[in-house]
>>> print(open('final_33.txt').read())   # compact mmCIF, C-alpha atoms
# COMPACT_ATOMS: atom_id res chain seq x y z
CA MET P 1 -0.84 2.07 2.04
CA LYS P 2 -0.86 -1.38 0.48
CA ILE P 3 -1.26 -4.53 2.59
CA LEU P 4 -0.74 -8.18 1.65
CA ILE P 5 -2.71 -10.62 3.83
CA ILE P 6 -1.23 -14.13 3.71
CA GLU P 7 -3.96 -16.20 5.35
CA ASP P 8 -5.58 -19.51 4.36
CA HIS P 9 -8.72 -19.01 6.47
CA LYS P 10 -10.88 -17.19 3.93
CA ASP P 11 -13.40 -15.80 6.42
CA LEU P 12 -10.66 -14.27 8.57
CA ALA P 13 -8.89 -12.87 5.50
CA ALA P 14 -12.18 -11.34 4.31
CA ASN P 15 -12.89 -9.77 7.74
CA ILE P 16 -9.39 -8.25 7.89
CA THR P 17 -9.72 -6.97 4.33
CA ASP P 18 -13.14 -5.38 4.94
CA TYR P 19 -11.92 -3.66 8.10
CA LEU P 20 -8.68 -2.32 6.64
CA LYS P 21 -10.33 -1.08 3.45
CA LYS P 22 -12.55 1.12 5.61
CA GLU P 23 -9.32 2.55 7.08
CA ASP P 24 -8.10 3.46 3.56
CA TYR P 25 -5.71 0.57 2.91
CA VAL P 26 -5.43 -1.28 -0.39
CA CYS P 27 -5.57 -4.98 0.49
CA GLU P 28 -4.63 -8.12 -1.39
CA VAL P 29 -4.96 -11.71 -0.16
CA ALA P 30 -2.84 -14.81 -0.74
CA CYS P 31 -4.40 -18.05 0.51
CA ASP P 32 -1.33 -20.26 0.23
CA ALA P 33 2.47 -20.10 0.07
CA LYS P 34 2.66 -20.39 -3.72
CA GLU P 35 0.37 -17.42 -4.29
CA ALA P 36 2.11 -15.44 -1.56
CA LEU P 37 5.56 -15.90 -3.11
CA GLU P 38 4.26 -14.86 -6.53
CA LYS P 39 2.73 -11.66 -5.16
CA ILE P 40 5.82 -10.78 -3.13
CA GLU P 41 7.99 -11.00 -6.24
CA LEU P 42 5.55 -9.11 -8.50
CA PHE P 43 4.19 -6.32 -6.30
CA GLU P 44 5.30 -3.90 -3.59
CA TYR P 45 3.62 -3.79 -0.18
CA ASP P 46 3.97 -1.44 2.78
CA CYS P 47 3.04 -4.18 5.24
CA ILE P 48 2.58 -7.95 5.01
CA LEU P 49 0.38 -9.89 7.47
CA LEU P 50 1.85 -13.38 7.57
CA ASP P 51 0.18 -16.54 8.89
CA LEU P 52 2.72 -19.20 9.85
CA MET P 53 0.57 -22.27 9.14
CA LEU P 54 -0.27 -22.54 5.44
CA PRO P 55 -1.52 -25.61 3.57
CA ASP P 56 1.52 -25.79 1.30
CA GLY P 57 4.33 -24.17 3.23
CA ASN P 58 5.85 -22.69 6.37
CA GLY P 59 5.34 -19.01 7.07
CA LEU P 60 8.89 -18.68 8.42
CA ASP P 61 10.24 -19.75 5.02
CA ILE P 62 8.07 -17.06 3.41
CA LEU P 63 9.47 -14.54 5.90
CA LYS P 64 13.00 -15.26 4.69
CA HIS P 65 11.79 -14.84 1.11
CA ILE P 66 10.26 -11.47 2.00
CA LYS P 67 13.55 -10.29 3.46
CA ASN P 68 15.29 -11.18 0.19
CA TYR P 69 12.72 -9.87 -2.30
CA ALA P 70 10.90 -7.15 -0.37
CA PRO P 71 13.17 -5.86 2.42
CA GLY P 72 11.24 -2.60 2.56
CA SER P 73 7.99 -4.31 3.56
CA SER P 74 7.06 -4.43 7.23
CA VAL P 75 5.95 -7.89 8.41
CA ILE P 76 3.50 -8.74 11.17
CA ILE P 77 3.17 -12.44 11.94
CA VAL P 78 -0.47 -13.38 12.58
CA SER P 79 -0.57 -16.86 14.07
CA ALA P 80 -2.36 -19.25 16.40
CA LYS P 81 1.04 -20.41 17.63
CA ASN P 82 1.56 -18.78 21.01
CA SER P 83 4.81 -20.35 22.16
CA LEU P 84 7.66 -18.06 23.17
CA ASP P 85 10.12 -19.97 20.98
CA THR P 86 7.98 -19.41 17.87
CA LYS P 87 7.60 -15.70 18.62
CA LEU P 88 11.33 -15.26 19.19
CA THR P 89 12.17 -17.17 16.02
CA GLY P 90 9.81 -15.02 13.96
CA LEU P 91 11.13 -11.77 15.40
CA ASP P 92 14.76 -12.90 15.10
CA ASP P 93 14.15 -13.81 11.45
CA GLY P 94 13.05 -10.28 10.68
CA ALA P 95 9.36 -9.87 11.55
CA ASP P 96 8.45 -6.45 12.91
CA ASP P 97 5.70 -7.69 15.22
CA TYR P 98 3.78 -10.82 16.25
CA ILE P 99 0.09 -10.99 17.09
CA THR P 100 -1.61 -14.16 18.33
CA LYS P 101 -5.02 -15.39 17.18
CA PRO P 102 -7.68 -14.64 18.18
CA PHE P 103 -7.26 -10.85 18.12
CA SER P 104 -9.43 -7.79 17.67
CA LEU P 105 -9.31 -5.95 14.37
CA PRO P 106 -8.71 -2.56 16.07
CA GLU P 107 -5.67 -4.07 17.81
CA LEU P 108 -4.35 -5.41 14.51
CA HIS P 109 -4.82 -1.98 12.95
CA SER P 110 -2.90 -0.37 15.83
CA ARG P 111 -0.06 -2.84 15.32
CA ILE P 112 0.04 -2.00 11.59
CA LYS P 113 0.16 1.74 12.29
CA ALA P 114 2.92 1.20 14.86
CA VAL P 115 5.22 -0.75 12.52
CA LEU P 116 4.62 1.73 9.71
CA ARG P 117 5.49 4.62 12.05
CA ARG P 118 8.72 2.90 13.00
CA LYS P 119 9.57 2.44 9.34
CA THR P 120 8.86 6.10 8.58
CA PRO P 121 10.72 8.42 10.99
CA GLU P 122 8.86 11.55 12.04
CA ALA P 123 11.12 13.77 9.92
CA ASN P 124 10.12 11.77 6.84
CA ARG P 125 6.38 11.87 7.41
CA ILE P 126 6.09 15.05 5.36
CA LEU P 127 6.28 14.34 1.63
CA SER P 128 7.26 17.52 -0.23
CA PHE P 129 7.28 18.35 -3.91
CA ASN P 130 7.84 22.03 -4.64
CA GLU P 131 4.71 23.83 -3.42
CA ILE P 132 2.95 20.58 -2.50
CA LYS P 133 3.26 19.10 1.00
CA ILE P 134 1.57 15.94 2.24
CA ASP P 135 1.43 14.82 5.87
CA LEU P 136 1.56 11.05 5.47
CA GLU P 137 0.13 10.43 8.94
CA SER P 138 -2.75 12.93 9.06
CA LYS P 139 -3.36 12.47 5.29
CA GLU P 140 -3.56 16.22 4.76
CA CYS P 141 -2.29 17.93 1.62
CA THR P 142 -1.42 21.61 1.30
CA ILE P 143 -0.41 23.66 -1.73
CA ASN P 144 1.40 26.93 -0.95
CA GLY P 145 0.23 26.44 2.64
CA GLN P 146 -3.43 26.09 1.65
CA LEU P 147 -5.23 22.89 2.63
CA ILE P 148 -6.87 21.19 -0.35
CA ASN P 149 -9.68 18.66 -0.22
CA LEU P 150 -8.66 15.42 -1.91
CA THR P 151 -10.53 12.13 -1.90
CA LYS P 152 -8.67 9.10 -0.53
CA LYS P 153 -8.01 7.81 -4.05
CA GLU P 154 -6.78 11.23 -5.23
CA LEU P 155 -4.42 11.55 -2.26
CA ASN P 156 -3.02 8.05 -2.80
CA LEU P 157 -2.62 8.83 -6.49
CA LEU P 158 -0.73 12.06 -5.72
CA ILE P 159 1.60 10.25 -3.31
CA TYR P 160 2.19 7.54 -5.91
CA PHE P 161 3.11 10.09 -8.58
CA ILE P 162 5.41 12.11 -6.32
CA ASN P 163 7.21 8.96 -5.18
CA ASN P 164 7.66 8.01 -8.85
CA GLN P 165 8.30 11.42 -10.34
CA ASN P 166 9.67 11.48 -13.90
CA ARG P 167 8.82 7.78 -14.33
CA MET P 168 6.23 6.70 -16.89
CA LEU P 169 3.35 4.93 -15.12
CA SER P 170 0.88 2.94 -17.19
CA LYS P 171 -2.86 3.11 -16.54
CA GLN P 172 -2.66 -0.55 -15.52
CA ALA P 173 0.07 0.17 -12.94
CA ILE P 174 -1.94 3.08 -11.53
CA ALA P 175 -5.12 0.98 -11.34
CA SER P 176 -3.26 -1.86 -9.62
CA HIS P 177 -1.75 0.53 -7.06
CA LEU P 178 -5.09 2.09 -6.17
CA TRP P 179 -7.40 -0.93 -6.32
CA GLY P 180 -5.18 -4.00 -6.02
CA ASP P 181 -3.90 -6.58 -8.44
CA TYR P 182 -7.38 -7.84 -9.39
CA THR P 183 -7.41 -5.04 -12.01
CA TYR P 184 -4.99 -7.14 -14.07
CA SER P 185 -8.02 -9.20 -15.08
CA ILE P 186 -9.83 -6.10 -16.34
CA ASP P 187 -9.25 -5.23 -20.01
CA ASN P 188 -10.36 -1.60 -19.77
CA VAL P 189 -8.95 0.61 -17.00
CA ASP P 190 -10.13 3.92 -18.45
CA PHE P 191 -11.81 4.67 -15.11
CA VAL P 192 -8.32 5.79 -13.99
CA TYR P 193 -8.63 8.83 -16.27
CA GLN P 194 -11.40 10.45 -14.19
CA HIS P 195 -9.28 10.31 -11.03
CA LEU P 196 -6.34 11.81 -12.91
CA LYS P 197 -8.54 14.57 -14.32
CA ASN P 198 -9.96 15.44 -10.88
CA LEU P 199 -6.53 15.44 -9.23
CA ARG P 200 -5.01 17.68 -11.90
CA LYS P 201 -7.88 20.18 -11.63
CA LYS P 202 -7.70 20.40 -7.83
CA VAL P 203 -3.93 20.93 -7.85
CA ILE P 204 -4.16 23.71 -10.48
CA ASP P 205 -7.20 25.35 -8.84
CA ALA P 206 -5.23 25.53 -5.56
CA GLY P 207 -2.38 27.39 -7.25
CA GLY P 208 -0.16 24.44 -8.06
CA LYS P 209 1.55 23.81 -11.37
CA ASP P 210 0.35 21.25 -13.87
CA TYR P 211 2.90 18.49 -13.32
CA LEU P 212 0.91 15.69 -14.96
CA GLN P 213 2.13 14.78 -18.43
CA THR P 214 0.37 12.32 -20.73
CA VAL P 215 2.65 9.89 -22.56
CA TYR P 216 0.33 9.04 -25.43
CA GLY P 217 -0.40 5.35 -25.81
CA LEU P 218 1.70 4.47 -22.76
CA GLY P 219 0.59 6.24 -19.59
CA TYR P 220 1.45 9.27 -17.47
CA LYS P 221 4.41 11.06 -15.87
CA TRP P 222 4.63 13.47 -12.95
CA ILE P 223 7.41 15.85 -14.00
CA ASP P 224 9.14 18.72 -12.23
CA LYS P 225 8.67 21.93 -14.21
>>> encode(input="final_33.txt", output="structure tokens")
Amino acid sequence: MKILIIEDHKDLAANITDYLKKEDYVCEVACDAKEALEKIELFEYDCILLDLMLPDGNGLDILKHIKNYAPGSSVIIVSAKNSLDTKLTGLDDGADDYITKPFSLPELHSRIKAVLRRKTPEANRILSFNEIKIDLESKECTINGQLINLTKKELNLLIYFINNQNRMLSKQAIASHLWGDYTYSIDNVDFVYQHLKNLRKKVIDAGGKDYLQTVYGLGYKWIDK
């Protein structure tokens, strides 16, 4: 799951990022409205944590932008404003939840899981691709009914491929999905290859087909054979 943290207090943003990364989320941070709007238009996020008071803009204006450019992203307003009117305005404008500062990080994590559960009905929590089944909540993957042991990165990579089957994905796109957009400043993303190699081997060793196709010079495809 990929989270965008729109927060101008750098220490708070860093604490949230450190906590959520330990819970297997990919996190990116925007410290002002300008950066937030750029990221929302360029990248996809499962959940956006939105501070209302930013040095160069109003969080409620960003919320409207999210609803136009990223309607599939869940939004949790994270704000020091505790007035009922502000909460109602945020929720009426499309936010999924509202948490008031100060808050505990476990509570924030519970709020994130709750909004993501609401977005993903129980019937859709099982991602299936032929003999492969992934429980998106328990993070367990089975092939022909047999549980296989994937690392967090390998599981996220498999979900990414299945959700984008038959689409060519560049190494840069894969790196950005797994590690965040900071990889765009890295010239060499060959480290992606080792994760691809390990995932392919584990799927085949468990009795699955080899769905991973290399598009030479461009990237990779997950194709249905």
>>> atom_distance(input="final_33.txt", atom1="CA of Cys27 (chain P)", atom2="CA of Ile3 (chain P)")
4.8 Å
>>> atom_distance(input="final_33.txt", atom1="CA of Lys101 (chain P)", atom2="CA of Ala70 (chain P)")
25.1 Å
>>> residues_around(input="final_33.txt", residues="region 162-175 of chain P", least_positions_apart="3", cutoff="8 Å", atoms="all atoms listed in the file", output="list in words")
Phe129, Leu157, Leu158, Ile159, Leu178, Trp179, Gly180, Thr183, Tyr184, Val189, Asp190, Val192, Val215, Leu218, Gly219, Tyr220, Lys221, Trp222, Ile223 and Asp224 of chain P
>>> write_last_selection(input="final_33.txt", atoms="C-alpha atoms", output="PDB file, in the coordinates of the input")
ATOM      1  CA  PHE P 129       7.280  18.350  -3.910  1.00  0.00           C
ATOM      2  CA  LEU P 157      -2.620   8.830  -6.490  1.00  0.00           C
ATOM      3  CA  LEU P 158      -0.730  12.060  -5.720  1.00  0.00           C
ATOM      4  CA  ILE P 159       1.600  10.250  -3.310  1.00  0.00           C
ATOM      5  CA  LEU P 178      -5.090   2.090  -6.170  1.00  0.00           C
ATOM      6  CA  TRP P 179      -7.400  -0.930  -6.320  1.00  0.00           C
ATOM      7  CA  GLY P 180      -5.180  -4.000  -6.020  1.00  0.00           C
ATOM      8  CA  THR P 183      -7.410  -5.040 -12.010  1.00  0.00           C
ATOM      9  CA  TYR P 184      -4.990  -7.140 -14.070  1.00  0.00           C
ATOM     10  CA  VAL P 189      -8.950   0.610 -17.000  1.00  0.00           C
ATOM     11  CA  ASP P 190     -10.130   3.920 -18.450  1.00  0.00           C
ATOM     12  CA  VAL P 192      -8.320   5.790 -13.990  1.00  0.00           C
ATOM     13  CA  VAL P 215       2.650   9.890 -22.560  1.00  0.00           C
ATOM     14  CA  LEU P 218       1.700   4.470 -22.760  1.00  0.00           C
ATOM     15  CA  GLY P 219       0.590   6.240 -19.590  1.00  0.00           C
ATOM     16  CA  TYR P 220       1.450   9.270 -17.470  1.00  0.00           C
ATOM     17  CA  LYS P 221       4.410  11.060 -15.870  1.00  0.00           C
ATOM     18  CA  TRP P 222       4.630  13.470 -12.950  1.00  0.00           C
ATOM     19  CA  ILE P 223       7.410  15.850 -14.000  1.00  0.00           C
ATOM     20  CA  ASP P 224       9.140  18.720 -12.230  1.00  0.00           C
TER      21      ASP P 224
END
>>> closest_residue(input="final_33.txt", among="P:Lys81, P:His109, P:Lys2, P:His65", to="Ile16 (chain P)", atoms="all atoms listed in the file")
P:His109
>>> residues_around(input="final_33.txt", residues="Asn58 (chain P)", least_positions_apart="6", cutoff="9 Å", atoms="only C-alpha atoms", output="ChimeraX atom specification")
/P:33,51-52
>>> atom_distance(input="final_33.txt", atom1="CA of Arg111 (chain P)", atom2="CA of Glu140 (chain P)")
22.1 Å
>>> residues_around(input="final_33.txt", residues="Val26 (chain P)", least_positions_apart="6", cutoff="12 Å", atoms="only C-alpha atoms", output="compact mmCIF listing (two decimals) with C-alpha atoms, in the frame of the given file")
# COMPACT_ATOMS: atom_id res chain seq x y z
CA MET P 1 -0.84 2.07 2.04
CA LYS P 2 -0.86 -1.38 0.48
CA ILE P 3 -1.26 -4.53 2.59
CA LEU P 4 -0.74 -8.18 1.65
CA ILE P 5 -2.71 -10.62 3.83
CA ILE P 16 -9.39 -8.25 7.89
CA THR P 17 -9.72 -6.97 4.33
CA ASP P 18 -13.14 -5.38 4.94
CA TYR P 19 -11.92 -3.66 8.10
CA LEU P 20 -8.68 -2.32 6.64
CA GLU P 44 5.30 -3.90 -3.59
CA TYR P 45 3.62 -3.79 -0.18
CA ASP P 46 3.97 -1.44 2.78
CA CYS P 47 3.04 -4.18 5.24
CA ILE P 48 2.58 -7.95 5.01
CA LYS P 152 -8.67 9.10 -0.53
CA LYS P 153 -8.01 7.81 -4.05
CA ASN P 156 -3.02 8.05 -2.80
CA ALA P 175 -5.12 0.98 -11.34
CA SER P 176 -3.26 -1.86 -9.62
CA HIS P 177 -1.75 0.53 -7.06
CA LEU P 178 -5.09 2.09 -6.17
CA TRP P 179 -7.40 -0.93 -6.32
CA GLY P 180 -5.18 -4.00 -6.02
CA ASP P 181 -3.90 -6.58 -8.44
CA TYR P 182 -7.38 -7.84 -9.39
>>> residues_around(input="final_33.txt", residues="Val78 (chain P)", least_positions_apart="5", cutoff="9 Å", atoms="all atoms listed in the file", output="PDB file with C-alpha atoms, keeping the file's coordinate frame")
ATOM      1  CA  ILE P   6      -1.230 -14.130   3.710  1.00  0.00           C
ATOM      2  CA  GLU P   7      -3.960 -16.200   5.350  1.00  0.00           C
ATOM      3  CA  LEU P  49       0.380  -9.890   7.470  1.00  0.00           C
ATOM      4  CA  LEU P  50       1.850 -13.380   7.570  1.00  0.00           C
ATOM      5  CA  ASP P  51       0.180 -16.540   8.890  1.00  0.00           C
ATOM      6  CA  LEU P  52       2.720 -19.200   9.850  1.00  0.00           C
ATOM      7  CA  ASP P  97       5.700  -7.690  15.220  1.00  0.00           C
ATOM      8  CA  TYR P  98       3.780 -10.820  16.250  1.00  0.00           C
ATOM      9  CA  ILE P  99       0.090 -10.990  17.090  1.00  0.00           C
ATOM     10  CA  THR P 100      -1.610 -14.160  18.330  1.00  0.00           C
ATOM     11  CA  LYS P 101      -5.020 -15.390  17.180  1.00  0.00           C
TER      12      LYS P 101
END
>>> residues_around(input="final_33.txt", residues="region 38-42 of chain P", least_positions_apart="3", cutoff="8 Å", atoms="only C-alpha atoms", output="list of chain:residue names")
P:Ala30, P:Lys34, P:Glu35, P:Tyr45, P:Ile66, P:Tyr69, P:Ala70
>>> write_last_selection(input="final_33.txt", atoms="C-alpha atoms", output="compact mmCIF listing (two decimals), in the coordinates of the input")
# COMPACT_ATOMS: atom_id res chain seq x y z
CA ALA P 30 -2.84 -14.81 -0.74
CA LYS P 34 2.66 -20.39 -3.72
CA GLU P 35 0.37 -17.42 -4.29
CA TYR P 45 3.62 -3.79 -0.18
CA ILE P 66 10.26 -11.47 2.00
CA TYR P 69 12.72 -9.87 -2.30
CA ALA P 70 10.90 -7.15 -0.37
>>> closest_residue(input="final_33.txt", among="P:Ile77, P:Leu155, P:Leu147, P:Ala14", to="Leu108 (chain P)", atoms="all atoms listed in the file")
P:Ile77
>>> closest_residue(input="final_33.txt", among="P:Leu136, P:Leu60, P:Leu196, P:Ala95", to="Ser73 (chain P)", atoms="all atoms listed in the file")
P:Ala95
>>> build_atoms(input="final_33.txt", residues="region 39-50 of chain P", atoms="all heavy atoms", output="PDB file, in the frame of the given file")
ATOM      1  N   LYS P  39       3.081 -13.061  -5.394  1.00  0.00           N
ATOM      2  CA  LYS P  39       2.730 -11.660  -5.160  1.00  0.00           C
ATOM      3  C   LYS P  39       3.908 -10.873  -4.614  1.00  0.00           C
ATOM      4  O   LYS P  39       4.131  -9.715  -4.996  1.00  0.00           O
ATOM      5  CB  LYS P  39       1.530 -11.578  -4.207  1.00  0.00           C
ATOM      6  CG  LYS P  39       0.207 -12.002  -4.823  1.00  0.00           C
ATOM      7  CD  LYS P  39      -0.928 -11.869  -3.833  1.00  0.00           C
ATOM      8  CE  LYS P  39      -2.265 -12.271  -4.461  1.00  0.00           C
ATOM      9  NZ  LYS P  39      -2.706 -11.320  -5.483  1.00  0.00           N
ATOM     10  N   ILE P  40       4.677 -11.468  -3.713  1.00  0.00           N
ATOM     11  CA  ILE P  40       5.820 -10.780  -3.130  1.00  0.00           C
ATOM     12  C   ILE P  40       6.844 -10.411  -4.191  1.00  0.00           C
ATOM     13  O   ILE P  40       7.471  -9.347  -4.137  1.00  0.00           O
ATOM     14  CB  ILE P  40       6.461 -11.656  -2.025  1.00  0.00           C
ATOM     15  CG1 ILE P  40       5.526 -11.741  -0.824  1.00  0.00           C
ATOM     16  CG2 ILE P  40       7.829 -11.105  -1.599  1.00  0.00           C
ATOM     17  CD1 ILE P  40       5.854 -12.875   0.118  1.00  0.00           C
ATOM     18  N   GLU P  41       7.010 -11.273  -5.186  1.00  0.00           N
ATOM     19  CA  GLU P  41       7.990 -11.000  -6.240  1.00  0.00           C
ATOM     20  C   GLU P  41       7.458 -10.026  -7.288  1.00  0.00           C
ATOM     21  O   GLU P  41       8.250  -9.330  -7.929  1.00  0.00           O
ATOM     22  CB  GLU P  41       8.398 -12.320  -6.912  1.00  0.00           C
ATOM     23  CG  GLU P  41       9.185 -13.237  -5.981  1.00  0.00           C
ATOM     24  CD  GLU P  41       9.612 -14.531  -6.658  1.00  0.00           C
ATOM     25  OE1 GLU P  41       9.561 -14.583  -7.899  1.00  0.00           O
ATOM     26  OE2 GLU P  41       9.988 -15.480  -5.942  1.00  0.00           O
ATOM     27  N   LEU P  42       6.133  -9.945  -7.451  1.00  0.00           N
ATOM     28  CA  LEU P  42       5.550  -9.110  -8.500  1.00  0.00           C
ATOM     29  C   LEU P  42       5.172  -7.711  -8.040  1.00  0.00           C
ATOM     30  O   LEU P  42       5.241  -6.755  -8.819  1.00  0.00           O
ATOM     31  CB  LEU P  42       4.313  -9.793  -9.090  1.00  0.00           C
ATOM     32  CG  LEU P  42       4.564 -11.003  -9.985  1.00  0.00           C
ATOM     33  CD1 LEU P  42       3.240 -11.675 -10.343  1.00  0.00           C
ATOM     34  CD2 LEU P  42       5.306 -10.597 -11.250  1.00  0.00           C
ATOM     35  N   PHE P  43       4.765  -7.575  -6.756  1.00  0.00           N
ATOM     36  CA  PHE P  43       4.190  -6.320  -6.300  1.00  0.00           C
ATOM     37  C   PHE P  43       4.902  -5.809  -5.040  1.00  0.00           C
ATOM     38  O   PHE P  43       5.591  -6.558  -4.355  1.00  0.00           O
ATOM     39  CB  PHE P  43       2.686  -6.481  -6.012  1.00  0.00           C
ATOM     40  CG  PHE P  43       1.908  -7.045  -7.164  1.00  0.00           C
ATOM     41  CD1 PHE P  43       1.484  -8.361  -7.162  1.00  0.00           C
ATOM     42  CD2 PHE P  43       1.616  -6.255  -8.261  1.00  0.00           C
ATOM     43  CE1 PHE P  43       0.784  -8.896  -8.231  1.00  0.00           C
ATOM     44  CE2 PHE P  43       0.907  -6.775  -9.338  1.00  0.00           C
ATOM     45  CZ  PHE P  43       0.487  -8.093  -9.327  1.00  0.00           C
ATOM     46  N   GLU P  44       4.715  -4.519  -4.780  1.00  0.00           N
ATOM     47  CA  GLU P  44       5.300  -3.900  -3.590  1.00  0.00           C
ATOM     48  C   GLU P  44       4.207  -3.693  -2.540  1.00  0.00           C
ATOM     49  O   GLU P  44       3.085  -3.296  -2.862  1.00  0.00           O
ATOM     50  CB  GLU P  44       5.935  -2.553  -3.952  1.00  0.00           C
ATOM     51  CG  GLU P  44       7.119  -2.663  -4.894  1.00  0.00           C
ATOM     52  CD  GLU P  44       7.737  -1.314  -5.199  1.00  0.00           C
ATOM     53  OE1 GLU P  44       7.257  -0.302  -4.641  1.00  0.00           O
ATOM     54  OE2 GLU P  44       8.680  -1.267  -6.002  1.00  0.00           O
ATOM     55  N   TYR P  45       4.566  -3.952  -1.285  1.00  0.00           N
ATOM     56  CA  TYR P  45       3.620  -3.790  -0.180  1.00  0.00           C
ATOM     57  C   TYR P  45       4.275  -3.014   0.956  1.00  0.00           C
ATOM     58  O   TYR P  45       5.460  -3.188   1.231  1.00  0.00           O
ATOM     59  CB  TYR P  45       3.162  -5.165   0.333  1.00  0.00           C
ATOM     60  CG  TYR P  45       2.496  -6.004  -0.725  1.00  0.00           C
ATOM     61  CD1 TYR P  45       3.214  -6.964  -1.441  1.00  0.00           C
ATOM     62  CD2 TYR P  45       1.155  -5.829  -1.036  1.00  0.00           C
ATOM     63  CE1 TYR P  45       2.613  -7.725  -2.429  1.00  0.00           C
ATOM     64  CE2 TYR P  45       0.545  -6.588  -2.029  1.00  0.00           C
ATOM     65  CZ  TYR P  45       1.280  -7.528  -2.726  1.00  0.00           C
ATOM     66  OH  TYR P  45       0.684  -8.270  -3.704  1.00  0.00           O
ATOM     67  N   ASP P  46       3.465  -2.168   1.610  1.00  0.00           N
ATOM     68  CA  ASP P  46       3.970  -1.440   2.780  1.00  0.00           C
ATOM     69  C   ASP P  46       4.049  -2.368   3.987  1.00  0.00           C
ATOM     70  O   ASP P  46       4.959  -2.255   4.803  1.00  0.00           O
ATOM     71  CB  ASP P  46       3.061  -0.240   3.086  1.00  0.00           C
ATOM     72  CG  ASP P  46       3.073   0.768   1.960  1.00  0.00           C
ATOM     73  OD1 ASP P  46       4.101   1.437   1.772  1.00  0.00           O
ATOM     74  OD2 ASP P  46       2.055   0.876   1.250  1.00  0.00           O
ATOM     75  N   CYS P  47       3.074  -3.269   4.097  1.00  0.00           N
ATOM     76  CA  CYS P  47       3.040  -4.180   5.240  1.00  0.00           C
ATOM     77  C   CYS P  47       2.471  -5.529   4.791  1.00  0.00           C
ATOM     78  O   CYS P  47       1.547  -5.578   3.970  1.00  0.00           O
ATOM     79  CB  CYS P  47       2.179  -3.597   6.367  1.00  0.00           C
ATOM     80  SG  CYS P  47       2.182  -4.570   7.890  1.00  0.00           S
ATOM     81  N   ILE P  48       3.040  -6.604   5.318  1.00  0.00           N
ATOM     82  CA  ILE P  48       2.580  -7.950   5.010  1.00  0.00           C
ATOM     83  C   ILE P  48       2.140  -8.627   6.307  1.00  0.00           C
ATOM     84  O   ILE P  48       2.899  -8.668   7.281  1.00  0.00           O
ATOM     85  CB  ILE P  48       3.688  -8.783   4.330  1.00  0.00           C
ATOM     86  CG1 ILE P  48       4.073  -8.134   2.991  1.00  0.00           C
ATOM     87  CG2 ILE P  48       3.239 -10.230   4.125  1.00  0.00           C
ATOM     88  CD1 ILE P  48       5.259  -8.785   2.312  1.00  0.00           C
ATOM     89  N   LEU P  49       0.895  -9.126   6.335  1.00  0.00           N
ATOM     90  CA  LEU P  49       0.380  -9.890   7.470  1.00  0.00           C
ATOM     91  C   LEU P  49       0.579 -11.364   7.140  1.00  0.00           C
ATOM     92  O   LEU P  49       0.013 -11.862   6.169  1.00  0.00           O
ATOM     93  CB  LEU P  49      -1.099  -9.569   7.704  1.00  0.00           C
ATOM     94  CG  LEU P  49      -1.456  -8.090   7.861  1.00  0.00           C
ATOM     95  CD1 LEU P  49      -2.946  -7.926   8.118  1.00  0.00           C
ATOM     96  CD2 LEU P  49      -0.646  -7.441   8.974  1.00  0.00           C
ATOM     97  N   LEU P  50       1.370 -12.053   7.932  1.00  0.00           N
ATOM     98  CA  LEU P  50       1.850 -13.380   7.570  1.00  0.00           C
ATOM     99  C   LEU P  50       1.393 -14.452   8.561  1.00  0.00           C
ATOM    100  O   LEU P  50       1.811 -14.453   9.727  1.00  0.00           O
ATOM    101  CB  LEU P  50       3.381 -13.362   7.504  1.00  0.00           C
ATOM    102  CG  LEU P  50       4.101 -14.690   7.266  1.00  0.00           C
ATOM    103  CD1 LEU P  50       3.692 -15.295   5.930  1.00  0.00           C
ATOM    104  CD2 LEU P  50       5.608 -14.488   7.332  1.00  0.00           C
TER     105      LEU P  50
END
